[in-house]
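Printed here is input.cif (mmCIF, C-alpha atoms):
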```
data_final
loop_
_atom_site.label_atom_id
_atom_site.label_comp_id
_atom_site.auth_asym_id
_atom_site.auth_seq_id
_atom_site.Cartn_x
_atom_site.Cartn_y
_atom_site.Cartn_z
CA MET A 6 2.00 -26.82 -42.64
CA ARG A 7 5.07 -25.18 -41.17
CA SER A 8 4.42 -22.01 -39.17
CA ILE A 9 6.80 -19.34 -37.99
CA VAL A 10 6.67 -17.71 -34.58
CA VAL A 11 8.26 -14.32 -33.96
CA ARG A 12 8.31 -12.60 -30.58
CA ARG A 13 9.47 -9.19 -29.39
CA GLU A 14 9.21 -7.55 -26.00
CA VAL A 15 10.23 -4.11 -24.82
CA LYS A 16 10.36 -2.25 -21.58
CA GLU A 17 11.04 1.46 -21.68
CA GLU A 18 12.94 3.09 -18.81
CA GLY A 19 10.46 3.35 -15.95
CA GLY A 20 7.84 1.65 -18.08
CA LYS A 21 6.13 -1.70 -18.36
CA VAL A 22 6.68 -4.84 -20.40
CA PHE A 23 4.92 -4.89 -23.77
CA ALA A 24 5.28 -8.10 -25.78
CA VAL A 25 3.91 -9.32 -29.10
CA GLU A 26 4.08 -12.88 -30.38
CA LEU A 27 3.13 -13.38 -34.00
CA GLU A 28 2.61 -16.71 -35.70
CA VAL A 29 2.38 -16.82 -39.50
CA ASP A 30 2.05 -19.61 -42.03
CA ALA A 31 4.24 -20.19 -45.07
CA GLU A 32 2.03 -17.88 -47.14
CA CYS A 33 2.56 -15.03 -44.65
CA GLY A 34 -0.96 -15.35 -43.33
CA VAL A 35 -1.42 -14.54 -39.65
CA VAL A 36 -2.18 -17.70 -37.70
CA GLY A 37 -2.09 -16.12 -34.26
CA LEU A 38 -1.26 -12.90 -32.48
CA ARG A 39 -0.71 -12.68 -28.74
CA ILE A 40 -0.20 -9.40 -26.92
CA SER A 41 1.03 -9.60 -23.34
CA GLY A 42 2.80 -7.73 -20.58
CA ASP A 43 2.18 -5.69 -17.45
CA PHE A 44 1.23 -2.48 -19.26
CA PHE A 45 -2.19 -0.81 -18.99
CA ALA A 46 -4.66 -0.21 -21.81
CA PHE A 47 -7.83 1.81 -21.33
CA PRO A 48 -9.97 0.09 -22.48
CA PRO A 49 -8.28 -3.26 -23.18
CA GLU A 50 -10.87 -4.61 -25.64
CA PRO A 51 -9.40 -3.11 -28.85
CA LEU A 52 -6.26 -5.17 -28.25
CA ASP A 53 -8.36 -8.30 -27.65
CA SER A 54 -10.18 -7.56 -30.92
CA LEU A 55 -6.88 -7.05 -32.72
CA GLU A 56 -5.71 -10.50 -31.64
CA GLN A 57 -8.88 -12.04 -33.06
CA SER A 58 -9.33 -9.93 -36.20
CA SER A 59 -5.75 -10.30 -37.40
CA ALA A 60 -6.09 -14.08 -37.78
CA GLY A 61 -6.25 -14.99 -41.46
CA ARG A 62 -5.03 -11.58 -42.65
CA HIS A 63 -1.77 -11.11 -44.56
CA VAL A 64 1.05 -10.09 -42.24
CA SER A 65 1.61 -6.93 -44.27
CA GLU A 66 -1.71 -5.63 -42.91
CA LEU A 67 -0.73 -6.07 -39.27
CA VAL A 68 0.84 -2.66 -38.63
CA ASP A 69 -2.17 -0.87 -40.07
CA LEU A 70 -4.57 -2.98 -38.00
CA ALA A 71 -2.48 -2.39 -34.89
CA SER A 72 -2.32 1.34 -35.53
CA ARG A 73 -6.11 1.53 -35.73
CA ALA A 74 -6.47 -0.46 -32.50
CA LEU A 75 -3.99 1.80 -30.72
CA ASP A 76 -5.97 4.86 -31.86
CA ARG A 77 -8.88 3.60 -29.77
CA ILE A 78 -7.05 3.23 -26.45
CA VAL A 79 -4.95 5.10 -23.95
CA LEU A 80 -1.79 3.22 -23.03
CA ALA A 81 0.12 3.56 -19.79
CA GLY A 82 3.52 2.03 -19.16
CA VAL A 83 4.40 1.95 -22.85
CA SER A 84 4.10 4.68 -25.45
CA ARG A 85 1.97 4.31 -28.55
CA GLU A 86 5.06 4.75 -30.73
CA THR A 87 6.96 2.02 -28.93
CA ALA A 88 4.02 -0.37 -29.04
CA LEU A 89 3.60 0.25 -32.75
CA SER A 90 7.32 -0.30 -33.32
CA VAL A 91 7.00 -3.73 -31.72
CA PHE A 92 4.19 -4.68 -34.11
CA ARG A 93 6.28 -3.35 -37.01
CA SER A 94 9.32 -5.31 -35.87
CA VAL A 95 7.55 -8.67 -35.58
CA ALA A 96 5.74 -8.11 -38.89
CA GLU A 97 9.00 -7.32 -40.71
CA GLU A 98 10.79 -10.32 -39.29
CA ALA A 99 7.88 -12.59 -40.08
CA VAL A 100 7.79 -11.36 -43.69
CA THR A 101 11.46 -12.14 -44.17
CA LYS A 102 10.88 -15.68 -42.90
CA CYS A 103 7.71 -16.67 -44.67
CA ARG A 104 7.46 -17.54 -48.32
CA GLY A 105 5.69 -14.36 -49.30
CA GLY A 106 8.57 -12.21 -48.05
CA MET B 8 -15.54 13.20 -1.30
CA ARG B 9 -17.54 10.65 0.68
CA PHE B 10 -16.70 6.97 0.48
CA ARG B 11 -18.67 3.98 1.62
CA LEU B 12 -16.25 1.72 3.51
CA VAL B 13 -16.57 -2.04 3.28
CA ILE B 14 -14.13 -4.40 4.99
CA ASP B 15 -14.14 -7.84 3.46
CA GLU B 16 -12.47 -11.23 3.25
CA GLY B 17 -12.84 -14.12 0.85
CA ASP B 18 -11.19 -16.14 -1.87
CA GLY B 19 -9.61 -14.38 -4.81
CA TYR B 20 -12.38 -15.29 -7.25
CA TYR B 21 -15.02 -13.62 -5.09
CA LEU B 22 -12.81 -10.66 -4.20
CA MET B 23 -12.00 -9.83 -7.83
CA ALA B 24 -15.62 -10.43 -8.86
CA MET B 25 -16.80 -7.95 -6.24
CA ASP B 26 -14.30 -5.35 -7.44
CA GLU B 27 -15.74 -5.64 -10.94
CA ALA B 28 -19.30 -5.56 -9.57
CA LEU B 29 -18.49 -2.33 -7.73
CA LEU B 30 -17.10 -0.82 -10.92
CA PHE B 31 -20.44 -1.44 -12.64
CA SER B 32 -22.32 -0.24 -9.56
CA VAL B 33 -20.50 3.09 -9.44
CA ALA B 34 -20.92 3.48 -13.20
CA MET B 35 -24.68 3.10 -12.62
CA GLY B 36 -24.69 5.76 -9.89
CA GLY B 37 -23.77 3.69 -6.86
CA PRO B 38 -21.75 5.23 -4.02
CA PRO B 39 -18.00 5.77 -4.32
CA THR B 40 -16.48 2.93 -2.35
CA LEU B 41 -13.32 2.21 -0.40
CA ARG B 42 -12.87 -1.48 0.15
CA LEU B 43 -10.21 -3.06 2.36
CA PHE B 44 -9.91 -6.81 2.14
CA VAL B 45 -7.85 -9.86 2.93
CA PHE B 46 -7.47 -12.94 0.75
CA SER B 47 -8.56 -16.00 2.73
CA ARG B 48 -6.16 -18.23 0.77
CA PRO B 49 -2.69 -17.53 -0.63
CA THR B 50 -3.34 -16.17 -4.12
CA VAL B 51 -1.53 -14.78 -7.11
CA THR B 52 -3.49 -12.23 -9.10
CA LEU B 53 -2.41 -11.56 -12.67
CA GLY B 54 -2.67 -8.45 -14.76
CA TYR B 55 -5.21 -8.55 -17.59
CA PHE B 56 -2.56 -8.89 -20.32
CA GLN B 57 -0.17 -11.27 -18.57
CA ARG B 58 0.46 -14.85 -19.66
CA VAL B 59 0.16 -17.22 -16.72
CA GLU B 60 3.20 -19.38 -17.43
CA GLU B 61 5.45 -16.35 -17.84
CA VAL B 62 4.73 -14.82 -14.44
CA VAL B 63 3.69 -17.66 -12.12
CA ASP B 64 5.32 -20.94 -11.18
CA VAL B 65 2.09 -22.82 -11.88
CA GLU B 66 3.40 -26.15 -10.59
CA LEU B 67 4.51 -24.64 -7.29
CA ALA B 68 1.20 -22.82 -6.96
CA ARG B 69 -0.70 -26.07 -7.50
CA ARG B 70 1.50 -27.97 -5.05
CA GLU B 71 1.24 -25.32 -2.35
CA GLY B 72 -2.46 -24.55 -2.77
CA ILE B 73 -1.96 -21.04 -4.11
CA ASP B 74 -4.91 -19.84 -6.19
CA ILE B 75 -4.31 -18.04 -9.49
CA VAL B 76 -6.82 -15.36 -10.45
CA ARG B 77 -6.77 -13.02 -13.45
CA ARG B 78 -7.72 -9.41 -12.73
CA VAL B 79 -9.78 -7.11 -14.87
CA THR B 80 -7.05 -4.50 -14.38
CA GLY B 81 -3.70 -4.32 -16.13
CA GLY B 82 -0.35 -4.34 -14.38
CA GLY B 83 1.76 -7.12 -12.97
CA ALA B 84 1.35 -10.30 -10.94
CA VAL B 85 0.88 -9.92 -7.19
CA TYR B 86 1.23 -12.45 -4.38
CA HIS B 87 -1.46 -11.99 -1.73
CA ASP B 88 -0.45 -13.46 1.63
CA PRO B 89 -3.43 -13.89 3.98
CA SER B 90 -1.13 -13.33 6.95
CA GLY B 91 0.74 -10.31 5.70
CA GLU B 92 -1.11 -8.34 3.07
CA ILE B 93 -4.24 -6.21 2.84
CA THR B 94 -5.62 -5.17 -0.53
CA TYR B 95 -7.53 -1.95 -1.08
CA SER B 96 -9.95 -0.98 -3.82
CA VAL B 97 -11.11 2.52 -4.56
CA VAL B 98 -14.05 2.82 -6.95
CA LEU B 99 -15.37 6.23 -7.94
CA PRO B 100 -16.67 8.24 -10.88
CA GLU B 101 -14.00 9.05 -13.46
CA HIS B 102 -14.64 12.80 -13.23
CA GLN B 103 -13.45 12.73 -9.61
CA VAL B 104 -9.91 11.63 -10.50
CA PRO B 105 -7.24 13.37 -12.59
CA GLY B 106 -7.76 12.69 -16.28
CA ASP B 107 -4.09 11.92 -16.79
CA VAL B 108 -3.59 8.23 -16.03
CA ALA B 109 -0.22 8.71 -14.33
CA GLU B 110 -1.60 11.44 -12.09
CA SER B 111 -4.65 9.36 -11.25
CA PHE B 112 -2.40 6.51 -10.09
CA ARG B 113 -0.56 8.92 -7.80
CA PHE B 114 -3.78 10.41 -6.43
CA LEU B 115 -5.51 7.10 -5.74
CA SER B 116 -2.33 5.58 -4.25
CA SER B 117 -2.04 8.35 -1.66
CA GLY B 118 -3.92 6.35 0.97
CA VAL B 119 -1.54 3.41 0.89
CA ILE B 120 1.53 5.67 0.93
CA GLU B 121 0.09 7.62 3.85
CA ALA B 122 -0.68 4.37 5.69
CA ALA B 123 2.95 3.25 5.58
CA ARG B 124 4.03 6.67 6.81
CA ILE B 125 1.56 6.48 9.71
CA LEU B 126 3.25 3.23 10.74
CA GLY B 127 6.64 4.94 10.61
CA ALA B 128 8.03 3.96 7.20
CA PRO B 129 9.16 6.74 4.82
CA ALA B 130 7.06 5.58 1.89
CA GLU B 131 7.04 7.27 -1.50
CA PHE B 132 5.05 6.92 -4.68
CA VAL B 133 7.15 6.05 -7.73
CA PRO B 134 5.45 6.35 -11.12
CA LEU B 135 3.78 4.63 -12.72
CA ASN B 136 2.19 2.54 -10.00
CA ASP B 137 4.59 1.60 -7.20
CA GLY B 138 4.74 2.38 -3.52
CA VAL B 139 8.31 2.06 -2.24
CA ILE B 140 10.16 2.20 1.04
CA GLY B 141 13.90 2.73 0.83
CA GLY B 142 13.77 2.06 -2.89
CA ARG B 143 12.02 -1.30 -2.50
CA LYS B 144 8.44 -2.00 -3.44
CA PHE B 145 5.86 -2.65 -0.73
CA SER B 146 2.77 -1.76 -2.76
CA GLY B 147 1.67 -2.07 -6.37
CA GLN B 148 -1.47 -0.58 -7.88
CA ALA B 149 -3.58 -1.49 -10.89
CA GLN B 150 -6.43 0.34 -12.52
CA THR B 151 -9.18 0.07 -15.07
CA ARG B 152 -11.87 2.43 -16.31
CA ARG B 153 -15.31 1.45 -17.59
CA PHE B 154 -18.46 3.39 -18.37
CA GLY B 155 -17.30 6.53 -16.57
CA ALA B 156 -16.08 4.78 -13.43
CA VAL B 157 -12.57 4.05 -12.19
CA LEU B 158 -11.44 1.02 -10.21
CA GLN B 159 -8.01 1.12 -8.66
CA HIS B 160 -6.87 -1.66 -6.41
CA GLY B 161 -3.51 -2.24 -4.80
CA THR B 162 -1.51 -4.15 -2.26
CA PHE B 163 -0.27 -3.18 1.17
CA MET B 164 2.45 -5.63 2.17
CA TYR B 165 2.79 -5.15 5.90
CA ALA B 166 4.27 -8.58 6.66
CA THR B 167 4.10 -10.66 3.48
CA ASN B 168 6.26 -13.79 3.31
CA LEU B 169 8.67 -12.41 0.71
CA ASP B 170 10.55 -15.67 0.23
CA ARG B 171 7.31 -17.35 -0.81
CA LEU B 172 6.49 -14.37 -3.03
CA ALA B 173 9.86 -14.70 -4.77
CA GLU B 174 9.34 -18.43 -5.25
CA VAL B 175 5.92 -18.24 -6.86
CA LEU B 176 6.32 -15.14 -9.03
CA ARG B 177 8.42 -15.49 -12.17
CA VAL B 178 10.29 -12.58 -13.63
CA GLY B 179 12.08 -13.05 -16.91
CA GLY B 180 13.08 -11.39 -20.14
CA VAL B 181 13.51 -7.65 -20.25
CA LYS B 182 12.02 -7.14 -16.79
CA LEU B 183 14.61 -9.36 -15.12
CA SER B 184 17.49 -7.73 -16.95
CA SER B 185 16.28 -4.21 -16.15
CA ARG B 186 15.16 -4.71 -12.56
CA GLY B 187 16.90 -7.80 -11.16
CA PRO B 188 15.59 -10.67 -9.03
CA VAL B 189 12.26 -10.23 -7.23
CA ARG B 190 13.44 -10.71 -3.64
CA ALA B 191 15.94 -7.87 -3.86
CA ARG B 192 13.28 -5.44 -5.12
CA VAL B 193 10.54 -5.90 -2.54
CA THR B 194 10.03 -5.23 1.14
CA THR B 195 7.32 -5.03 3.75
CA VAL B 196 6.53 -2.39 6.32
CA SER B 197 7.50 -4.88 9.04
CA GLU B 198 10.85 -5.65 7.39
CA PHE B 199 11.68 -1.97 7.14
CA LEU B 200 10.63 -1.18 10.72
CA GLY B 201 12.35 -4.25 12.18
CA ARG B 202 9.21 -5.30 14.05
CA THR B 203 6.05 -7.20 13.20
CA VAL B 204 3.17 -4.98 12.17
CA THR B 205 -0.13 -6.70 12.99
CA LYS B 206 -3.12 -6.98 10.67
CA ARG B 207 -5.13 -4.73 12.97
CA GLU B 208 -2.45 -2.04 12.90
CA ALA B 209 -2.23 -2.29 9.13
CA LEU B 210 -6.00 -2.01 8.74
CA GLU B 211 -6.25 1.02 11.01
CA ALA B 212 -3.33 2.70 9.22
CA LEU B 213 -4.94 2.11 5.83
CA LEU B 214 -8.24 3.56 6.96
CA GLU B 215 -6.61 6.68 8.34
CA GLY B 216 -4.26 6.80 5.35
CA PHE B 217 -7.13 6.97 2.88
CA ARG B 218 -8.95 9.55 4.99
CA ARG B 219 -5.86 11.77 4.86
CA GLY B 220 -4.59 10.89 1.40
CA LEU B 221 -7.85 11.38 -0.45
CA GLY B 222 -9.18 14.00 1.94
CA ALA B 223 -12.14 11.69 2.18
CA GLU B 224 -15.02 11.30 4.56
CA VAL B 225 -15.49 7.58 5.12
CA TYR B 226 -18.64 5.95 6.45
CA GLU B 227 -19.21 2.27 7.16
CA GLY B 228 -21.55 0.61 4.71
CA ALA B 229 -22.55 -2.69 3.17
CA TYR B 230 -22.92 -4.08 -0.34
CA THR B 231 -26.30 -3.75 -2.00
CA GLU B 232 -28.32 -6.76 -3.08
CA VAL B 233 -27.53 -5.95 -6.71
CA GLU B 234 -23.79 -5.78 -6.04
CA LEU B 235 -23.87 -9.11 -4.20
CA ARG B 236 -25.83 -10.76 -6.98
CA LEU B 237 -23.57 -9.37 -9.69
CA ALA B 238 -20.44 -10.48 -7.81
CA SER B 239 -21.94 -13.93 -7.40
CA GLU B 240 -22.49 -14.16 -11.17
CA LEU B 241 -19.07 -12.74 -12.05
CA LYS B 242 -17.32 -15.15 -9.72
CA TRP B 243 -17.84 -17.94 -12.24
CA LYS B 244 -15.89 -15.98 -14.83
CA TYR B 245 -12.99 -15.50 -12.43
CA ARG B 246 -13.01 -19.22 -11.56
CA SER B 247 -13.05 -20.36 -15.18
CA ARG B 248 -9.97 -21.78 -16.84
CA GLU B 249 -10.87 -19.79 -19.99
CA TRP B 250 -10.49 -16.54 -18.08
CA VAL B 251 -7.46 -17.43 -15.97
CA PHE B 252 -5.55 -18.95 -18.89
CA MET B 253 -6.84 -16.62 -21.59
CA ARG B 254 -3.21 -15.68 -22.28
#
```
Will you turn the file into structure tokens for me?
Amino acid sequence: MRSIVVRREVKEEGGKVFAVELEVDAECGVVGLRISGDFFAFPPEPLDSLEQSSAGRHVSELVDLASRALDRIVLAGVSRETALSVFRSVAEEAVTKCRGG
Amino acid sequence: MRFRLVIDEGDGYYLMAMDEALLFSVAMGGPPTLRLFVFSRPTVTLGYFQRVEEVVDVELARREGIDIVRRVTGGGAVYHDPSGEITYSVVLPEHQVPGDVAESFRFLSSGVIEAARILGAPAEFVPLNDGVIGGRKFSGQAQTRRFGAVLQHGTFMYATNLDRLAEVLRVGGVKLSSRGPVRARVTTVSEFLGRTVTKREALEALLEGFRRGLGAEVYEGAYTEVELRLASELKWKYRSREWVFMR
């Protein structure tokens, strides 16, 4: 089945790279989520869990899942708002490209 | 503050495993530790969230015998040159560092900044985690916090081969467009001073730098049996393809 990959990365002035790659299927189900960059997360595990727990969920749930993960960590090198905007951006683009959008 | 000092050398898998072992040790009540070490082989260490192919020329690393090791800390990729770089680790209880992450980076980086100044280079700390001389980076720091303990480790490039560094580290995307090519952004203490700083000089400067920077009393010590055993176990994680290529 055809899948769609959407990627966004940001780097705020004086900050670090924060990137999200989202893969969804034609039904807008999340196939994979990969978070990367040279930012810091204390602790990092909630973002690891987000990558795993988002698989199989509808893409429309991603921003809420991400928001809850970000509530459990302290970020350095990227603000919470910016990180969340990256999740929102990839989710919106994915929705427009998959059949459920 | 009193710090146990351990001077060490080994491959990147062992060195990163021992840093993680010390984090657990301090969390369990072990002594705050300052560790100065040299990689025995050329090595690139990656930040926890970095994707290998995006930040390392893997083919060049394989061809030239450069190890690739993922850190437990965030931050960016670092090239460790056995002949021109010393890495430090500071491990201590979280309540002994500023709660604000940015301030804690500054505080724990003070030893490496002071070391460059001792050698004659006008080093400065630039948030979030860089040590710079004349606007060019000679030191990068990374940090993690677990179970009430903080591990910060960082580089001290006193004579790193910067051409090799620029070859093996990849910078792309938004970082390249905002900061430019690697070679133009980095320096070493030797390059700035116009003379070759020796490993011994660098080591002595770091030791004195941390004494001054942290206002610390430093005493020579050794790893405990538990720390050695834990590092030995953790080394397999750092060697594993699953860990190195997890992203």
- Explicit residues for the PyMOL selection byres ((chain A) within 7 of (chain B)) (as a PyMOL selection string): chain A and resi 15-16+22+41-45+47-48+82
Give me a file of those residues, with C-alpha atoms, as an mmCIF file, in the frame of the given file.
```cif
data_model
loop_
_atom_site.group_PDB
_atom_site.id
_atom_site.type_symbol
_atom_site.label_atom_id
_atom_site.label_comp_id
_atom_site.auth_asym_id
_atom_site.auth_seq_id
_atom_site.Cartn_x
_atom_site.Cartn_y
_atom_site.Cartn_z
ATOM 1 C CA VAL A 15 10.230 -4.110 -24.820
ATOM 2 C CA LYS A 16 10.360 -2.250 -21.580
ATOM 3 C CA VAL A 22 6.680 -4.840 -20.400
ATOM 4 C CA SER A 41 1.030 -9.600 -23.340
ATOM 5 C CA GLY A 42 2.800 -7.730 -20.580
ATOM 6 C CA ASP A 43 2.180 -5.690 -17.450
ATOM 7 C CA PHE A 44 1.230 -2.480 -19.260
ATOM 8 C CA PHE A 45 -2.190 -0.810 -18.990
ATOM 9 C CA PHE A 47 -7.830 1.810 -21.330
ATOM 10 C CA PRO A 48 -9.970 0.090 -22.480
ATOM 11 C CA GLY A 82 3.520 2.030 -19.160
#
```
As JSON, what would the box around stretch 42-50 of chain A look like: edges along x, y and z, 5 Å added on every side, centre and edge lengths in Å to one decimal?
```
{"center_x": -4.0, "center_y": -3.0, "center_z": -21.5, "size_x": 23.7, "size_y": 19.5, "size_z": 18.2}
```
- Task: Name the residues that the PyMOL selection byres ((chain A and resi 84) around 12) picks from the file above, as a VMD selection string, using the file's chain letters and numbers.
- Result: chain A and resid 15 to 23 44 to 46 75 to 76 78 to 83 85 to 91
- Mind giving me the straight-line distance from atom CA of A:Leu27 to atom CA of A:Ala99 in Å, one decimal? 7.8 Å
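Here the question is which of A:Val100, A:Val25, A:Val10, A:Leu55 gets nearest to A:Ser72 using all atoms listed in the file, and that residue is A:Leu55.
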- Query: So what do you get for atom CA of B:Leu213 versus atom CA of B:Leu43, distance-wise?
  - Reply: 8.2 Å
Rebuild stretch 10-32 of chain A so that it carries N, CA, C and O atoms, then output the result as a PDB file, in the frame of the given file.
```
ATOM      1  N   VAL A  10       7.049 -18.522 -35.745  1.00  0.00           N
ATOM      2  CA  VAL A  10       6.670 -17.710 -34.580  1.00  0.00           C
ATOM      3  C   VAL A  10       7.765 -16.669 -34.332  1.00  0.00           C
ATOM      4  O   VAL A  10       8.951 -17.004 -34.254  1.00  0.00           O
ATOM      5  N   VAL A  11       7.335 -15.426 -34.231  1.00  0.00           N
ATOM      6  CA  VAL A  11       8.260 -14.320 -33.960  1.00  0.00           C
ATOM      7  C   VAL A  11       7.779 -13.594 -32.718  1.00  0.00           C
ATOM      8  O   VAL A  11       6.580 -13.344 -32.565  1.00  0.00           O
ATOM      9  N   ARG A  12       8.699 -13.276 -31.830  1.00  0.00           N
ATOM     10  CA  ARG A  12       8.310 -12.600 -30.580  1.00  0.00           C
ATOM     11  C   ARG A  12       9.251 -11.437 -30.298  1.00  0.00           C
ATOM     12  O   ARG A  12      10.464 -11.539 -30.493  1.00  0.00           O
ATOM     13  N   ARG A  13       8.679 -10.351 -29.827  1.00  0.00           N
ATOM     14  CA  ARG A  13       9.470  -9.190 -29.390  1.00  0.00           C
ATOM     15  C   ARG A  13       8.876  -8.672 -28.094  1.00  0.00           C
ATOM     16  O   ARG A  13       7.654  -8.643 -27.935  1.00  0.00           O
ATOM     17  N   GLU A  14       9.726  -8.234 -27.180  1.00  0.00           N
ATOM     18  CA  GLU A  14       9.210  -7.550 -26.000  1.00  0.00           C
ATOM     19  C   GLU A  14      10.101  -6.368 -25.685  1.00  0.00           C
ATOM     20  O   GLU A  14      11.314  -6.412 -25.928  1.00  0.00           O
ATOM     21  N   VAL A  15       9.475  -5.327 -25.170  1.00  0.00           N
ATOM     22  CA  VAL A  15      10.230  -4.110 -24.820  1.00  0.00           C
ATOM     23  C   VAL A  15       9.804  -3.662 -23.431  1.00  0.00           C
ATOM     24  O   VAL A  15       8.712  -3.984 -22.948  1.00  0.00           O
ATOM     25  N   LYS A  16      10.690  -2.918 -22.838  1.00  0.00           N
ATOM     26  CA  LYS A  16      10.360  -2.250 -21.580  1.00  0.00           C
ATOM     27  C   LYS A  16      11.125  -0.938 -21.568  1.00  0.00           C
ATOM     28  O   LYS A  16      12.351  -0.935 -21.482  1.00  0.00           O
ATOM     29  N   GLU A  17      10.404   0.140 -21.704  1.00  0.00           N
ATOM     30  CA  GLU A  17      11.040   1.460 -21.680  1.00  0.00           C
ATOM     31  C   GLU A  17      11.504   1.771 -20.261  1.00  0.00           C
ATOM     32  O   GLU A  17      10.976   1.229 -19.289  1.00  0.00           O
ATOM     33  N   GLU A  18      12.453   2.674 -20.123  1.00  0.00           N
ATOM     34  CA  GLU A  18      12.940   3.090 -18.810  1.00  0.00           C
ATOM     35  C   GLU A  18      11.761   3.577 -17.960  1.00  0.00           C
ATOM     36  O   GLU A  18      11.016   4.472 -18.374  1.00  0.00           O
ATOM     37  N   GLY A  19      11.566   2.966 -16.818  1.00  0.00           N
ATOM     38  CA  GLY A  19      10.460   3.350 -15.950  1.00  0.00           C
ATOM     39  C   GLY A  19       9.102   2.872 -16.437  1.00  0.00           C
ATOM     40  O   GLY A  19       8.073   3.207 -15.847  1.00  0.00           O
ATOM     41  N   GLY A  20       9.109   2.083 -17.501  1.00  0.00           N
ATOM     42  CA  GLY A  20       7.840   1.650 -18.080  1.00  0.00           C
ATOM     43  C   GLY A  20       7.527   0.195 -17.778  1.00  0.00           C
ATOM     44  O   GLY A  20       8.094  -0.411 -16.871  1.00  0.00           O
ATOM     45  N   LYS A  21       6.631  -0.353 -18.566  1.00  0.00           N
ATOM     46  CA  LYS A  21       6.130  -1.700 -18.360  1.00  0.00           C
ATOM     47  C   LYS A  21       6.503  -2.589 -19.542  1.00  0.00           C
ATOM     48  O   LYS A  21       6.841  -2.090 -20.622  1.00  0.00           O
ATOM     49  N   VAL A  22       6.383  -3.894 -19.327  1.00  0.00           N
ATOM     50  CA  VAL A  22       6.680  -4.840 -20.400  1.00  0.00           C
ATOM     51  C   VAL A  22       5.531  -4.833 -21.413  1.00  0.00           C
ATOM     52  O   VAL A  22       4.356  -4.884 -21.036  1.00  0.00           O
ATOM     53  N   PHE A  23       5.896  -4.762 -22.688  1.00  0.00           N
ATOM     54  CA  PHE A  23       4.920  -4.890 -23.770  1.00  0.00           C
ATOM     55  C   PHE A  23       5.483  -5.912 -24.742  1.00  0.00           C
ATOM     56  O   PHE A  23       6.582  -5.722 -25.279  1.00  0.00           O
ATOM     57  N   ALA A  24       4.765  -7.010 -24.944  1.00  0.00           N
ATOM     58  CA  ALA A  24       5.280  -8.100 -25.780  1.00  0.00           C
ATOM     59  C   ALA A  24       4.256  -8.488 -26.841  1.00  0.00           C
ATOM     60  O   ALA A  24       3.044  -8.457 -26.598  1.00  0.00           O
ATOM     61  N   VAL A  25       4.758  -8.847 -28.003  1.00  0.00           N
ATOM     62  CA  VAL A  25       3.910  -9.320 -29.100  1.00  0.00           C
ATOM     63  C   VAL A  25       4.505 -10.604 -29.646  1.00  0.00           C
ATOM     64  O   VAL A  25       5.713 -10.667 -29.929  1.00  0.00           O
ATOM     65  N   GLU A  26       3.671 -11.623 -29.760  1.00  0.00           N
ATOM     66  CA  GLU A  26       4.080 -12.880 -30.380  1.00  0.00           C
ATOM     67  C   GLU A  26       3.197 -13.100 -31.600  1.00  0.00           C
ATOM     68  O   GLU A  26       1.977 -13.089 -31.494  1.00  0.00           O
ATOM     69  N   LEU A  27       3.850 -13.260 -32.730  1.00  0.00           N
ATOM     70  CA  LEU A  27       3.130 -13.380 -34.000  1.00  0.00           C
ATOM     71  C   LEU A  27       3.458 -14.731 -34.636  1.00  0.00           C
ATOM     72  O   LEU A  27       4.634 -15.087 -34.758  1.00  0.00           O
ATOM     73  N   GLU A  28       2.423 -15.442 -35.016  1.00  0.00           N
ATOM     74  CA  GLU A  28       2.610 -16.710 -35.700  1.00  0.00           C
ATOM     75  C   GLU A  28       2.033 -16.581 -37.103  1.00  0.00           C
ATOM     76  O   GLU A  28       0.882 -16.147 -37.271  1.00  0.00           O
ATOM     77  N   VAL A  29       2.843 -16.909 -38.108  1.00  0.00           N
ATOM     78  CA  VAL A  29       2.380 -16.820 -39.500  1.00  0.00           C
ATOM     79  C   VAL A  29       2.620 -18.157 -40.193  1.00  0.00           C
ATOM     80  O   VAL A  29       3.484 -18.943 -39.783  1.00  0.00           O
ATOM     81  N   ASP A  30       1.841 -18.394 -41.264  1.00  0.00           N
ATOM     82  CA  ASP A  30       2.050 -19.610 -42.030  1.00  0.00           C
ATOM     83  C   ASP A  30       3.017 -19.331 -43.190  1.00  0.00           C
ATOM     84  O   ASP A  30       3.517 -18.205 -43.345  1.00  0.00           O
ATOM     85  N   ALA A  31       3.255 -20.326 -43.999  1.00  0.00           N
ATOM     86  CA  ALA A  31       4.240 -20.190 -45.070  1.00  0.00           C
ATOM     87  C   ALA A  31       3.825 -19.183 -46.130  1.00  0.00           C
ATOM     88  O   ALA A  31       4.650 -18.701 -46.906  1.00  0.00           O
ATOM     89  N   GLU A  32       2.526 -18.875 -46.168  1.00  0.00           N
ATOM     90  CA  GLU A  32       2.030 -17.880 -47.140  1.00  0.00           C
ATOM     91  C   GLU A  32       1.976 -16.482 -46.528  1.00  0.00           C
ATOM     92  O   GLU A  32       1.356 -15.579 -47.090  1.00  0.00           O
TER      93      GLU A  32
END
```
